[in-house]
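A.B. asks: Got a structure for you, written out below as structure tokens; questions coming shortly.
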Amino acid sequence: MAAVDGTHFFTSALHKCEHCRAQPHRDGSITYDHAAVFCHGVGPAPRLFWGYEPVHPGEGETTAALRLLAWLYTHFKHFVDVLLFDAGFAKAPFLRAVRRYGYHFVVRLEDERMLIVQDAMGLFARRRPDRQWVEVGRRGKPPVEVKAWEDEGFTSWEGMPPLRVVYVEETELSGRRAVNGHLKNRTFGHGNPAVVAR
Ligand SMILES: [Zn+2]
């Protein structure tokens, strides 16, 4: 598995070069930086760094990511089975290109206006989780209860083949017992659904 994500670096209010990207701020000031997309291994070690590609001024992260994928495929062919993307890459033409190279993908979905998100969340809200388990708390933190829903065959993303959607909800178990005897839970984060193509 490998992740592809975008980062900004060399940020400066003073120095700029011809390849810099100007970033205006609310207070009227402008900073200059460079952007690039990186591909790096995730999961068990070794977490290899596979490559990067600059995002040129005026173009989006997906444009640079397509160049990166072309380069990765030329040099390493099928170097991973699955590529992970954040919500900025949830664009049908980009993801179709990923599939054409033969890579599976997992992409985070944050836009609740997307039909496939509404479809999946509507379905999952009406049923119990498909899997449920407790993760041991790390470094003195309370354990976390994980609930996961998944289903496949969602066709409500225009321009995409049928997709699998996974949704995970995590609840920190505080360990304090409430008056009624149930564990008092504190929800600290709702995940965003992710789409998986295979
Ligand atoms: Zn520069």
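Within each chain, counting starts at residue 1; across the structure tokens, chains are named A, B, ... in the order shown, with ligands numbered 1 upward in that order.
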Please find the residues contacting ligand 1 at a distance of at most 9 Å between atoms, with only C-alpha atoms and all ligand atoms counted, and report them as a PyMOL selection string.
C.D. replies: chain A and resi 10-12+15-21+32-34
A.B. asks: So that I have them on file, write out the residues from the current selection with C-alpha atoms, as a PDB file, in the first residue's frame.
C.D. replies:
```
ATOM      1  CA  PHE A  10       9.759  26.421   1.253  1.00  0.00           C
ATOM      2  CA  THR A  11       7.115  28.866   2.551  1.00  0.00           C
ATOM      3  CA  SER A  12       8.367  32.445   2.671  1.00  0.00           C
ATOM      4  CA  HIS A  15      11.697  35.137  -1.119  1.00  0.00           C
ATOM      5  CA  LYS A  16      10.108  33.944  -4.301  1.00  0.00           C
ATOM      6  CA  CYS A  17      11.258  32.427  -7.566  1.00  0.00           C
ATOM      7  CA  GLU A  18       9.620  31.956 -10.956  1.00  0.00           C
ATOM      8  CA  HIS A  19       8.167  28.582  -9.886  1.00  0.00           C
ATOM      9  CA  CYS A  20       6.624  29.861  -6.655  1.00  0.00           C
ATOM     10  CA  ARG A  21       2.953  29.705  -5.866  1.00  0.00           C
ATOM     11  CA  TYR A  32       5.167  32.180  -1.475  1.00  0.00           C
ATOM     12  CA  ASP A  33       5.709  28.462  -1.461  1.00  0.00           C
ATOM     13  CA  HIS A  34       6.174  25.366  -3.541  1.00  0.00           C
TER      14      HIS A  34
END
```
A.B. asks: Please run DSSP on the backbone and report, as number ranges by chain, all residues within segment 51-153 of chain A that come out as strand (DSSP E or B).
C.D. replies: A: 51-55, 82-85, 104-108, 131-135, 144-153
A.B. asks: What is the distance between atom CA of Thr171 of chain A and atom CA of Arg139 of chain A, in Å to one decimal?
C.D. replies: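 Here the two named atoms are 16.9 Å from each other.
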A.B. asks: Could you give me, as number ranges by chain, the residues within 8 Å of Pro143 of chain A, counting only C-alpha atoms and dropping anything in the same chain fewer than 6 positions from it?
C.D. replies: A: 134-137, 172-174
A.B. asks: Go ahead and write the residues just picked, C-alpha atoms, as a PDB file, in the first residue's frame.
C.D. replies:
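So out.pdb came out as:
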```
ATOM      1  CA  VAL A 134     -12.212  -2.529  20.648  1.00  0.00           C
ATOM      2  CA  GLU A 135      -8.665  -1.267  20.062  1.00  0.00           C
ATOM      3  CA  VAL A 136      -6.398  -1.271  23.099  1.00  0.00           C
ATOM      4  CA  GLY A 137      -5.564   2.297  24.185  1.00  0.00           C
ATOM      5  CA  GLU A 172     -13.137   6.610  22.996  1.00  0.00           C
ATOM      6  CA  LEU A 173     -14.243   4.548  25.993  1.00  0.00           C
ATOM      7  CA  SER A 174     -13.581   6.806  28.947  1.00  0.00           C
TER       8      SER A 174
END
```
A.B. asks: Report, in Å to a single decimal, how far apart atom CA of Leu163 of chain A and atom CA of Ala92 of chain A are.
C.D. replies: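 Rounded to one decimal, the two atoms are 11.8 Å apart.
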A.B. asks: Can you pull out the residues contacting segment 36-41 of chain A? Cut-off 10 Å, using only C-alpha atoms, and skip same-chain residues under 3 positions away; I want them as an MDAnalysis selection string.
C.D. replies: chainID A and resid 1:9 44:56 61:69 72 80 83:85
A.B. asks: Closest to Leu109 of chain A among A:Trp133, A:Tyr167, A:Trp149, A:Phe124, using only C-alpha atoms?
C.D. replies: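 Residue with the minimum atom-to-atom distance to Leu109 of chain A: A:Tyr167.
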A.B. asks: Asp81 of chain A: which residues within 10 Å, counting only C-alpha atoms, same-chain residues fewer than 6 positions away excluded, as an NGL selection string?
C.D. replies: :A and (1-2 or 102-105 or 198)
A.B. asks: From the options A:Pro129, A:Gln23, A:Asp119, A:Met160, which residue's atoms come nearest to Ala90 of chain A, counting only C-alpha atoms?
C.D. replies: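 Of A:Pro129, A:Gln23, A:Asp119, A:Met160, the one nearest Ala90 of chain A, counting only C-alpha atoms, is A:Met160.
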